[in-house]
Amino acid sequence: MPEGHAIRRLALAFDASFVGEQCELSSPQGRFAAGAAQLDRWWMSAAQTKGKHLFLGFGPEPGETEEWIHVHLGLYGGWRFAGKSEVGTALTPQRLDPDPGILPATPSEHWPPEPRGAVRLRILTAESLADLIGPNRCQLVTAEEMAGIEARLGPDPLADDALSEPVRQDFVARVRKSSRPVGELVMDQSVSAGVGNIYRAEALFRTGINPYRAGTRVSAARLGALWDDFVVLMRRGVIEGAINTVEPDEAQDWDPEAERWYVYHRTGRPCLRCGTSIRQADLKGRALFWCPQCQR
DNA sequence: AACTTATGACTAA
DNA sequence: TAGTCCTAAGTTG
């Protein structure tokens, strides 16, 4: 489900409702039982992200950080919130909203609600609940291990300094040193951390870059523009809670399925700019979408 | 009940 | 490149 913008929103949700609070940790499903037991009744001290990686800091006393939980959601993991944190996340993504018919909006006689499905980790405060389902990774890491994970990642378009020249040039250099297709490179988390399949398709379209062009053969100027577009789109994604890439003046009212995206999941439909049929192909096991006319 | 799909990433060969 | 892992929801039979 998640690209970098969604992970950043999760960190904001944890910041708002869990950081500074004492937390009961459990693993209803059992697969994180030891880790949950170790941190049970500790205080959450921080929520940080890099790319698609989420790190939750905990300590035995308020304000301390002794352990980190490292969570990677993979293709279909997710968090469900309830209670006060549900209200917090309602300003945010539709995807973070629990099913209102099943989870109570505020603590009630049904508090806390029964775990639904395979809940790997439950984090509970007096007022808020977060259930982790289907993560690719959920493990305790030390600060050193966390630094190692972050060091293996490339620059993150959601970093505060993402639009600074050194960061932009870092991305440009990482792409231009490889002859692999640029469409493959931008999905490589050591090149640009947090970019996923939708942002890849949409930003390459918006900057007119053919995904099959070798990294070495894309000009530094075009790659700089691509980086800047990742930053613009992903910052928008954090605010809006959804990946919306089509500029308002290009939206097609007659095409309800084209409201959000130019090319992603629009195979065979006419390009919003030139009318050419949008193409789809498999690139390293992931679906790639592009306009062969607009992207050269 | 079985199968399909999904905004991801790893390992083995 | 293929296989593996993590889960829920939708579709098909």
# chains A, B, ... in the order shown; residues from 1 in each chain; ligands from 1

call {"tool": "select_by_dssp", "arguments": {"residues": "range 137-263 of chain A", "states": "alpha helix (DSSP H)", "output": "PyMOL selection string"}}
result
chain A and resi 143-151+165-176+182-185+197-206+220-240

call {"tool": "residues_around", "arguments": {"residues": "DA2 in chain B", "least_positions_apart": "5", "cutoff": "12 Å", "atoms": "only C-alpha atoms (C1' of nucleotides)", "output": "ChimeraX atom specification"}}
result
/C:11-13

call {"tool": "write_last_selection", "arguments": {"atoms": "C-alpha atoms (C1' of nucleotides)", "output": "PDB file, in the first residue's frame"}}
result
ATOM      1  C1'  DT C  11     -13.560 -12.030  -7.774  1.00  0.00           C
ATOM      2  C1'  DT C  12     -14.483 -16.510  -9.632  1.00  0.00           C
ATOM      3  C1'  DG C  13     -16.322 -21.235  -9.471  1.00  0.00           C
TER       4       DG C  13
END

call {"tool": "interface_residues", "arguments": {"of": "chain B", "to": "chain A", "cutoff": "7 Å", "atoms": "only C-alpha atoms (C1' of nucleotides)", "output": "count of residues only"}}
result
3

call {"tool": "atom_distance", "arguments": {"atom1": "CA of Phe32 in chain A", "atom2": "CA of Val141 in chain A"}}
result
13.1 Å

call {"tool": "residues_around", "arguments": {"residues": "Ala34 in chain A", "least_positions_apart": "2", "cutoff": "12 Å", "atoms": "only C-alpha atoms (C1' of nucleotides)", "output": "ChimeraX atom specification"}}
result
/A:25-32,36-40,120-121,138-140

call {"tool": "select_by_dssp", "arguments": {"residues": "range 26-261 of chain A", "states": "strand (DSSP E or B)", "output": "ChimeraX atom specification"}}
result
/A:26,43-50,53-59,67-72,78-83,119-124,128-133,137-141,181,214

call {"tool": "write_last_selection", "arguments": {"atoms": "N, CA and C atoms", "output": "compact mmCIF listing (two decimals), in the first residue's frame"}}
result
# COMPACT_ATOMS: atom_id res chain seq x y z
N SER A 26 1.70 -5.35 22.77
CA SER A 26 1.40 -6.77 22.74
C SER A 26 1.43 -7.24 21.30
N TRP A 43 7.70 4.13 27.42
CA TRP A 43 7.18 5.36 26.80
C TRP A 43 7.67 5.49 25.37
N MET A 44 6.79 5.84 24.46
CA MET A 44 7.25 6.12 23.10
C MET A 44 7.89 7.50 23.11
N SER A 45 9.09 7.58 22.55
CA SER A 45 9.86 8.81 22.63
C SER A 45 10.05 9.50 21.28
N ALA A 46 9.87 8.76 20.19
CA ALA A 46 10.13 9.36 18.87
C ALA A 46 9.50 8.52 17.78
N ALA A 47 9.18 9.17 16.67
CA ALA A 47 8.71 8.47 15.48
C ALA A 47 9.42 9.10 14.29
N GLN A 48 10.25 8.32 13.63
CA GLN A 48 11.06 8.85 12.53
C GLN A 48 10.90 7.99 11.28
N THR A 49 11.18 8.59 10.13
CA THR A 49 11.14 7.83 8.88
C THR A 49 12.37 8.14 8.04
N LYS A 50 12.73 7.16 7.22
CA LYS A 50 13.55 7.46 6.04
C LYS A 50 13.03 6.55 4.93
N HIS A 53 10.84 3.32 5.52
CA HIS A 53 11.14 2.72 6.82
C HIS A 53 10.62 3.61 7.94
N LEU A 54 9.93 2.99 8.89
CA LEU A 54 9.42 3.71 10.06
C LEU A 54 10.15 3.20 11.30
N PHE A 55 10.57 4.13 12.14
CA PHE A 55 11.27 3.78 13.38
C PHE A 55 10.53 4.41 14.55
N LEU A 56 10.15 3.59 15.52
CA LEU A 56 9.48 4.07 16.72
C LEU A 56 10.43 3.87 17.90
N GLY A 57 10.77 4.98 18.58
CA GLY A 57 11.70 4.91 19.71
C GLY A 57 10.95 4.72 21.02
N PHE A 58 11.53 3.91 21.93
CA PHE A 58 10.92 3.66 23.23
C PHE A 58 11.98 3.68 24.32
N GLY A 59 11.54 4.08 25.52
CA GLY A 59 12.42 4.02 26.69
C GLY A 59 11.63 3.65 27.93
N GLU A 67 15.41 1.62 22.83
CA GLU A 67 15.21 0.64 21.77
C GLU A 67 14.39 1.29 20.66
N TRP A 68 14.57 0.77 19.46
CA TRP A 68 13.75 1.21 18.33
C TRP A 68 13.02 0.01 17.73
N ILE A 69 11.78 0.23 17.37
CA ILE A 69 11.07 -0.76 16.56
C ILE A 69 11.18 -0.30 15.11
N HIS A 70 11.71 -1.19 14.29
CA HIS A 70 11.86 -0.91 12.86
C HIS A 70 10.72 -1.61 12.12
N VAL A 71 9.91 -0.83 11.42
CA VAL A 71 8.77 -1.39 10.69
C VAL A 71 8.88 -1.05 9.21
N HIS A 72 8.76 -2.08 8.39
CA HIS A 72 8.64 -1.87 6.94
C HIS A 72 7.38 -2.59 6.49
N GLY A 78 0.03 -2.62 6.92
CA GLY A 78 -0.65 -1.37 7.27
C GLY A 78 -0.87 -1.23 8.76
N TRP A 79 -1.21 0.00 9.17
CA TRP A 79 -1.58 0.28 10.55
C TRP A 79 -3.05 0.66 10.58
N ARG A 80 -3.74 0.21 11.61
CA ARG A 80 -5.10 0.67 11.87
C ARG A 80 -5.10 1.42 13.19
N PHE A 81 -5.71 2.59 13.17
CA PHE A 81 -5.77 3.41 14.38
C PHE A 81 -7.19 3.44 14.92
N ALA A 82 -7.27 3.63 16.24
CA ALA A 82 -8.58 3.80 16.86
C ALA A 82 -8.42 4.73 18.06
N GLY A 83 -9.56 5.24 18.52
CA GLY A 83 -9.53 6.16 19.65
C GLY A 83 -9.07 7.54 19.22
N VAL A 119 -2.93 -9.32 13.87
CA VAL A 119 -2.28 -8.12 14.40
C VAL A 119 -0.92 -8.49 14.98
N ARG A 120 0.13 -8.09 14.27
CA ARG A 120 1.49 -8.43 14.69
C ARG A 120 1.86 -7.67 15.95
N LEU A 121 1.50 -6.39 15.98
CA LEU A 121 1.87 -5.54 17.11
C LEU A 121 0.71 -4.61 17.42
N ARG A 122 0.35 -4.54 18.70
CA ARG A 122 -0.66 -3.59 19.17
C ARG A 122 0.00 -2.62 20.12
N ILE A 123 -0.18 -1.33 19.88
CA ILE A 123 0.33 -0.29 20.76
C ILE A 123 -0.87 0.46 21.32
N LEU A 124 -0.98 0.45 22.64
CA LEU A 124 -2.18 0.97 23.30
C LEU A 124 -1.80 1.98 24.37
N SER A 128 -5.52 5.90 22.88
CA SER A 128 -5.25 5.62 21.48
C SER A 128 -4.78 4.19 21.26
N LEU A 129 -5.03 3.71 20.05
CA LEU A 129 -4.67 2.35 19.67
C LEU A 129 -4.11 2.34 18.26
N ALA A 130 -3.02 1.57 18.09
CA ALA A 130 -2.48 1.34 16.75
C ALA A 130 -2.21 -0.15 16.59
N ASP A 131 -2.78 -0.75 15.56
CA ASP A 131 -2.59 -2.17 15.26
C ASP A 131 -1.81 -2.31 13.96
N LEU A 132 -0.75 -3.09 14.01
CA LEU A 132 0.09 -3.33 12.84
C LEU A 132 -0.26 -4.67 12.20
N ILE A 133 -0.57 -4.62 10.92
CA ILE A 133 -0.99 -5.82 10.18
C ILE A 133 -0.07 -6.06 8.98
N ARG A 137 8.57 -6.22 7.69
CA ARG A 137 9.53 -6.26 8.79
C ARG A 137 8.94 -5.59 10.02
N CYS A 138 9.14 -6.21 11.16
CA CYS A 138 8.85 -5.58 12.45
C CYS A 138 9.84 -6.18 13.42
N GLN A 139 10.84 -5.40 13.79
CA GLN A 139 11.93 -5.94 14.61
C GLN A 139 12.50 -4.85 15.50
N LEU A 140 13.10 -5.29 16.62
CA LEU A 140 13.82 -4.36 17.48
C LEU A 140 15.20 -4.13 16.89
N VAL A 141 15.61 -2.88 16.86
CA VAL A 141 16.98 -2.56 16.41
C VAL A 141 17.60 -1.57 17.38
N PRO A 181 18.14 1.06 -16.66
CA PRO A 181 17.08 2.00 -17.04
C PRO A 181 16.72 2.92 -15.88
N ALA A 214 18.83 4.74 -20.32
CA ALA A 214 19.87 4.38 -19.34
C ALA A 214 20.16 5.57 -18.44

call {"tool": "interface_residues", "arguments": {"of": "chain C", "to": "chain A", "cutoff": "10 Å", "atoms": "only C-alpha atoms (C1' of nucleotides)", "output": "PDB file with C-alpha atoms (C1' of nucleotides), in the first residue's frame"}}
result
ATOM      1  C1'  DT C   1      14.880 -14.496 -13.248  1.00  0.00           C
ATOM      2  C1'  DC C   5       7.515 -13.611   2.625  1.00  0.00           C
ATOM      3  C1'  DC C   6       3.868 -10.675   4.912  1.00  0.00           C
ATOM      4  C1'  DT C   7      -2.194 -10.079   4.698  1.00  0.00           C
ATOM      5  C1'  DA C   8      -6.905  -8.678   3.316  1.00  0.00           C
TER       6       DA C   8
END

call {"tool": "residues_around", "arguments": {"residues": "Arg260 in chain A", "least_positions_apart": "6", "cutoff": "6 Å", "atoms": "only C-alpha atoms (C1' of nucleotides)", "output": "MDAnalysis selection string"}}
result
chainID A and resid 244:246

call {"tool": "residues_around", "arguments": {"residues": "DG3 in chain C", "least_positions_apart": "5", "cutoff": "12 Å", "atoms": "only C-alpha atoms (C1' of nucleotides)", "output": "VMD selection string"}}
result
chain B and resid 10 to 13

call {"tool": "decode", "arguments": {"residues": "chain B", "atoms": "N, CA and C atoms (P, O5', C5', C4', C3', O3' and C1' of nucleotides)", "output": "PDB file, in the first residue's frame"}}
result
ATOM      1  P    DA B   1     -15.089 -23.533   2.907  1.00  0.00           P
ATOM      2  O5'  DA B   1     -14.089 -23.810   1.706  1.00  0.00           O
ATOM      3  C5'  DA B   1     -14.153 -25.009   0.979  1.00  0.00           C
ATOM      4  C4'  DA B   1     -13.484 -24.773  -0.342  1.00  0.00           C
ATOM      5  C3'  DA B   1     -11.995 -24.424  -0.202  1.00  0.00           C
ATOM      6  O3'  DA B   1     -11.280 -25.202  -1.155  1.00  0.00           O
ATOM      7  C1'  DA B   1     -13.109 -22.736  -1.464  1.00  0.00           C
ATOM      8  P    DA B   2      -9.687 -25.149  -1.250  1.00  0.00           P
ATOM      9  O5'  DA B   2      -9.492 -24.221  -2.535  1.00  0.00           O
ATOM     10  C5'  DA B   2     -10.120 -24.600  -3.757  1.00  0.00           C
ATOM     11  C4'  DA B   2      -9.906 -23.515  -4.769  1.00  0.00           C
ATOM     12  C3'  DA B   2      -8.449 -23.061  -4.906  1.00  0.00           C
ATOM     13  O3'  DA B   2      -8.105 -23.116  -6.265  1.00  0.00           O
ATOM     14  C1'  DA B   2      -9.877 -21.191  -4.615  1.00  0.00           C
ATOM     15  P    DC B   3      -6.575 -22.948  -6.743  1.00  0.00           P
ATOM     16  O5'  DC B   3      -6.616 -21.469  -7.339  1.00  0.00           O
ATOM     17  C5'  DC B   3      -7.628 -21.137  -8.280  1.00  0.00           C
ATOM     18  C4'  DC B   3      -7.754 -19.642  -8.365  1.00  0.00           C
ATOM     19  C3'  DC B   3      -6.412 -18.932  -8.552  1.00  0.00           C
ATOM     20  O3'  DC B   3      -6.445 -18.248  -9.789  1.00  0.00           O
ATOM     21  C1'  DC B   3      -7.789 -17.806  -6.983  1.00  0.00           C
ATOM     22  P    DT B   4      -5.127 -17.434 -10.290  1.00  0.00           P
ATOM     23  O5'  DT B   4      -5.511 -15.956  -9.878  1.00  0.00           O
ATOM     24  C5'  DT B   4      -6.688 -15.352 -10.420  1.00  0.00           C
ATOM     25  C4'  DT B   4      -6.738 -13.910  -9.980  1.00  0.00           C
ATOM     26  C3'  DT B   4      -5.416 -13.162 -10.174  1.00  0.00           C
ATOM     27  O3'  DT B   4      -5.682 -11.950 -10.852  1.00  0.00           O
ATOM     28  C1'  DT B   4      -6.177 -12.931  -7.932  1.00  0.00           C
ATOM     29  P    DT B   5      -4.431 -11.192 -11.505  1.00  0.00           P
ATOM     30  O5'  DT B   5      -4.268  -9.980 -10.490  1.00  0.00           O
ATOM     31  C5'  DT B   5      -5.403  -9.179 -10.181  1.00  0.00           C
ATOM     32  C4'  DT B   5      -5.088  -8.343  -8.967  1.00  0.00           C
ATOM     33  C3'  DT B   5      -3.673  -7.752  -8.989  1.00  0.00           C
ATOM     34  O3'  DT B   5      -3.760  -6.349  -9.168  1.00  0.00           O
ATOM     35  C1'  DT B   5      -4.265  -8.625  -6.846  1.00  0.00           C
ATOM     36  P    DA B   6      -2.486  -5.516  -9.682  1.00  0.00           P
ATOM     37  O5'  DA B   6      -1.994  -4.739  -8.389  1.00  0.00           O
ATOM     38  C5'  DA B   6      -2.913  -3.927  -7.656  1.00  0.00           C
ATOM     39  C4'  DA B   6      -2.339  -3.666  -6.296  1.00  0.00           C
ATOM     40  C3'  DA B   6      -0.805  -3.623  -6.285  1.00  0.00           C
ATOM     41  O3'  DA B   6      -0.352  -2.311  -6.618  1.00  0.00           O
ATOM     42  C1'  DA B   6      -1.680  -4.841  -4.410  1.00  0.00           C
ATOM     43  P    DT B   7       0.930  -2.236  -7.622  1.00  0.00           P
ATOM     44  O5'  DT B   7       1.886  -1.221  -6.910  1.00  0.00           O
ATOM     45  C5'  DT B   7       1.388  -0.365  -5.962  1.00  0.00           C
ATOM     46  C4'  DT B   7       2.538   0.518  -5.475  1.00  0.00           C
ATOM     47  C3'  DT B   7       3.147   0.053  -4.158  1.00  0.00           C
ATOM     48  O3'  DT B   7       4.346   0.805  -3.912  1.00  0.00           O
ATOM     49  C1'  DT B   7       1.716   1.857  -3.790  1.00  0.00           C
ATOM     50  P    DG B   8       5.777   0.043  -4.238  1.00  0.00           P
ATOM     51  O5'  DG B   8       5.927  -1.147  -3.204  1.00  0.00           O
ATOM     52  C5'  DG B   8       6.020  -0.864  -1.808  1.00  0.00           C
ATOM     53  C4'  DG B   8       7.091  -1.730  -1.196  1.00  0.00           C
ATOM     54  C3'  DG B   8       8.444  -1.619  -1.891  1.00  0.00           C
ATOM     55  O3'  DG B   8       9.380  -1.266  -0.906  1.00  0.00           O
ATOM     56  C1'  DG B   8       7.836  -3.891  -1.622  1.00  0.00           C
ATOM     57  P    DA B   9      10.900  -0.967  -1.261  1.00  0.00           P
ATOM     58  O5'  DA B   9      11.622  -2.374  -1.035  1.00  0.00           O
ATOM     59  C5'  DA B   9      11.696  -2.887   0.280  1.00  0.00           C
ATOM     60  C4'  DA B   9      12.230  -4.289   0.239  1.00  0.00           C
ATOM     61  C3'  DA B   9      13.578  -4.443  -0.486  1.00  0.00           C
ATOM     62  O3'  DA B   9      14.450  -5.149   0.364  1.00  0.00           O
ATOM     63  C1'  DA B   9      12.080  -6.098  -1.137  1.00  0.00           C
ATOM     64  P    DC B  10      16.045  -5.084   0.142  1.00  0.00           P
ATOM     65  O5'  DC B  10      16.498  -6.543   0.592  1.00  0.00           O
ATOM     66  C5'  DC B  10      15.989  -7.118   1.790  1.00  0.00           C
ATOM     67  C4'  DC B  10      15.712  -8.589   1.560  1.00  0.00           C
ATOM     68  C3'  DC B  10      16.903  -9.341   0.972  1.00  0.00           C
ATOM     69  O3'  DC B  10      17.637  -9.977   2.001  1.00  0.00           O
ATOM     70  C1'  DC B  10      14.818  -9.983  -0.046  1.00  0.00           C
ATOM     71  P    DT B  11      19.077 -10.617   1.639  1.00  0.00           P
ATOM     72  O5'  DT B  11      18.688 -12.055   1.063  1.00  0.00           O
ATOM     73  C5'  DT B  11      17.881 -12.946   1.825  1.00  0.00           C
ATOM     74  C4'  DT B  11      17.690 -14.226   1.035  1.00  0.00           C
ATOM     75  C3'  DT B  11      19.009 -14.800   0.512  1.00  0.00           C
ATOM     76  O3'  DT B  11      19.056 -16.190   0.812  1.00  0.00           O
ATOM     77  C1'  DT B  11      17.474 -14.505  -1.276  1.00  0.00           C
ATOM     78  P    DA B  12      20.430 -17.021   0.524  1.00  0.00           P
ATOM     79  O5'  DA B  12      20.020 -17.888  -0.752  1.00  0.00           O
ATOM     80  C5'  DA B  12      18.786 -18.599  -0.750  1.00  0.00           C
ATOM     81  C4'  DA B  12      18.571 -19.235  -2.106  1.00  0.00           C
ATOM     82  C3'  DA B  12      19.809 -19.917  -2.683  1.00  0.00           C
ATOM     83  O3'  DA B  12      19.402 -21.125  -3.303  1.00  0.00           O
ATOM     84  C1'  DA B  12      19.051 -18.260  -4.190  1.00  0.00           C
ATOM     85  P    DA B  13      20.493 -22.180  -3.826  1.00  0.00           P
ATOM     86  O5'  DA B  13      20.490 -21.949  -5.403  1.00  0.00           O
ATOM     87  C5'  DA B  13      19.245 -21.945  -6.096  1.00  0.00           C
ATOM     88  C4'  DA B  13      19.484 -21.514  -7.526  1.00  0.00           C
ATOM     89  C3'  DA B  13      20.788 -22.052  -8.125  1.00  0.00           C
ATOM     90  O3'  DA B  13      20.523 -22.640  -9.387  1.00  0.00           O
ATOM     91  C1'  DA B  13      20.609 -19.722  -8.474  1.00  0.00           C
TER      92       DA B  13
END
